[in-house]
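Asks: Provided herewith is a single structure, encoded as structure tokens, for subsequent inquiry.
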Amino acid sequence: MELGCLVSKLNELTYSLLLAGYKTCPSNWAKKGKKTLYHSLWFVTKGTGEIVIDGKNNTLSPGKLVVFSPGMICDKKTSSIDPLEFYFIRFTHAGAFEKQEQWHFKLPQDLPFPLHGVYTIKNSAGVVLLLEEITHLTKRRGATIAFKQKILFQELLLTFIQDFHSQNVTGDTRQVIEKTIDYISNHYHRVITLTDLAMMAGLSKSHYSRLFKKNVGYSPIEYLTHLRIDRAKELLAHSDIRIKEVSQNVGYEDELYFSRIFKKIVGVSPTQFSDEQKLFPSPLKE
């Protein structure tokens, strides 16, 4: 799965932590043919071992992340001379996301978790800090504690994503992508073409588009379009300027074309969106 797609799927989920802790394995520890019942993850900090997931053998060592899904058949064992130590988290998730002004919900059994299997993490220090804090909070109770655990778990997932990104993208490529994103953010109201962005990146249009989508989740022009529509929504919600002026302010000279794009992304026309927003007092006018 491409990184941009992975981030999009994780962003559509909400989480609840069921269990968290730290395990030090005895030298003879092994579990054979065990069927996983819950979503969970391990992060190895010490020792070595092996895990066979659905017939595939993987070596475990410090920095390895294992993500389990219900139904996985696993054989696990530790080295007798260098036993495994790892943090573990058991969790559940559900789909809850907003699209085109509508909320969508999915139950856990209808929504597979997008990470599964064994991964290598380079930034072990950052991961361990978050896992330590999550584990520490399991000794306390209350809604505030649960809320903080949920936030820390999302930070943990973000740290994994950032680590995957740093492994897959060279420093030069990352700099090129960020440079064009900055340009789009500052000049979205101007005419911007794929040719312009590719030239700025020093890449062919096809190569640049491929890299951008792989790492951002949108093509460059999709990213520009969504950014323009986000800015248009702000103007429509917090100002009284006409649709034509909004269109021009976000880079569309053709008001009708802007309206079509807006409705396709938001689900309602700019006029309807503006009218609905005006039913509520604007925070800028209070």
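Order determines the names: the first chain of the structure tokens is A, the second B, and so forth; residues in each chain are numbered 1 upward, and ligands are numbered 1 upward as they are shown.
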List every residue of segment 53-279 of chain A that DSSP, applied to the backbone, labels as helix (DSSP H, G or I), and write the result as an MDAnalysis selection string.
Replies: chainID A and resid 108:110 124:137 143:168 171:187 194:201 205:216 220:238 243:249 255:266 270:277
Asks: Could you list, as a tab-separated table (two decimals) with C-alpha atoms, in the first residue's frame, every residue within 10 Å of Leu235 of chain A, counting only C-alpha atoms and ignoring same-chain residues fewer than 6 positions away?
Replies:
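And here is the file that came out, selection_24.tsv:
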```tsv
chain	number	residue	atom	x	y	z
A	229	ILE	CA	-11.74	24.55	-2.22
A	241	ILE	CA	-18.13	38.55	-0.91
A	242	ARG	CA	-19.86	37.24	-4.03
A	243	ILE	CA	-19.28	33.75	-5.45
A	245	GLU	CA	-15.01	37.04	-6.16
A	246	VAL	CA	-14.47	33.87	-4.12
A	247	SER	CA	-13.78	31.99	-7.34
A	249	ASN	CA	-9.62	34.72	-4.99
A	250	VAL	CA	-8.82	31.01	-5.06
A	274	SER	CA	-22.71	29.95	1.94
```
Asks: Apply DSSP to the backbone of this structure and, from segment 5-141 of chain A, keep only the residues in strand (DSSP E or B); write these as a ChimeraX atom specification.
Replies: /A:13-24,30-35,39-46,49-53,56-60,64-68,73-78,85-99,102-106,117-120
Asks: Per residue of segment 19-66 of chain A within 12 Å of segment 132-149 of chain A, which atom pair is closest and at what distance in Å (one decimal), using only C-alpha atoms, listed by chain and increasing number, as JSON lines?
Replies:
```
{"residue": "A:Leu19", "atom": "CA", "partner": "A:Thr138", "partner_atom": "CA", "distance": 7.5}
{"residue": "A:Ala20", "atom": "CA", "partner": "A:Thr135", "partner_atom": "CA", "distance": 5.4}
{"residue": "A:Gly21", "atom": "CA", "partner": "A:Thr135", "partner_atom": "CA", "distance": 5.2}
{"residue": "A:Tyr22", "atom": "CA", "partner": "A:Thr135", "partner_atom": "CA", "distance": 7.6}
{"residue": "A:Lys23", "atom": "CA", "partner": "A:Thr135", "partner_atom": "CA", "distance": 11.3}
{"residue": "A:Phe43", "atom": "CA", "partner": "A:Glu132", "partner_atom": "CA", "distance": 11.3}
{"residue": "A:Thr45", "atom": "CA", "partner": "A:Glu132", "partner_atom": "CA", "distance": 11.6}
```
Asks: Record the distance separating atom CA of Gln162 of chain A and atom CA of Glu98 of chain A, expressed in Å with one decimal.
Replies: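 Taking atom CA of Gln162 of chain A as the start and atom CA of Glu98 of chain A as the end point, the length is 23.9 Å.
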Asks: Write out as a ChimeraX atom specification each polymer residue whose atoms come within 9 Å of Asp54 of chain A, counting only C-alpha atoms; drop sequence neighbours fewer than 6 positions from it.
Replies: /A:72-75
Asks: Using only C-alpha atoms for the distances, tell me which of A:Thr159, A:Lys56, A:Asp275, A:His189 is nearest to Glu253 of chain A.
Replies: A:His189
Asks: Enter the distance from atom CA of Asp254 of chain A to atom CA of Ser204 of chain A, in Å, rounded to one decimal.
Replies: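 That distance, rounded to one decimal, is 28.8 Å.
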Asks: Excluding same-chain residues fewer than 6 positions from segment 178-185 of chain A, what lies within 8 Å of it counting only C-alpha atoms, as a PyMOL selection string?
Replies: chain A and resi 192+197+200-201+224+227
Asks: Might you pull out every residue within 10 Å of Tyr218 of chain A, with only C-alpha atoms counted and same-chain residues fewer than 5 positions away left off, and present them as a VMD selection string?
Replies: chain A and resid 4 to 5 8 209 to 210 212 to 213 223 to 226
Asks: Which polymer residues have any atom within 7 Å of an atom of Leu41 of chain A, counting only C-alpha atoms, with same-chain residues fewer than 5 positions away left out, as a count of residues only?
Replies: 6
Asks: Select from segment 28-93 of chain A every residue with an atom at most 8 Å from any atom of segment 115-131 of chain A, then for each give the shortest pair of atoms and their distance in Å to one decimal, using only C-alpha atoms, rows by chain and rising number, as a tab-separated table.
Replies:
```
residue	atom	partner	partner_atom	distance
A:Ile53	CA	A:Gly117	CA	7.3
A:Asn58	CA	A:Val118	CA	7.3
A:Gly63	CA	A:Ile121	CA	5.2
A:Lys64	CA	A:Thr120	CA	4.8
A:Leu65	CA	A:Tyr119	CA	5.0
A:Val66	CA	A:Val118	CA	4.5
A:Val67	CA	A:His116	CA	4.7
A:Phe68	CA	A:His116	CA	5.8
A:Ser69	CA	A:His116	CA	6.5
A:Tyr87	CA	A:Leu131	CA	6.9
```
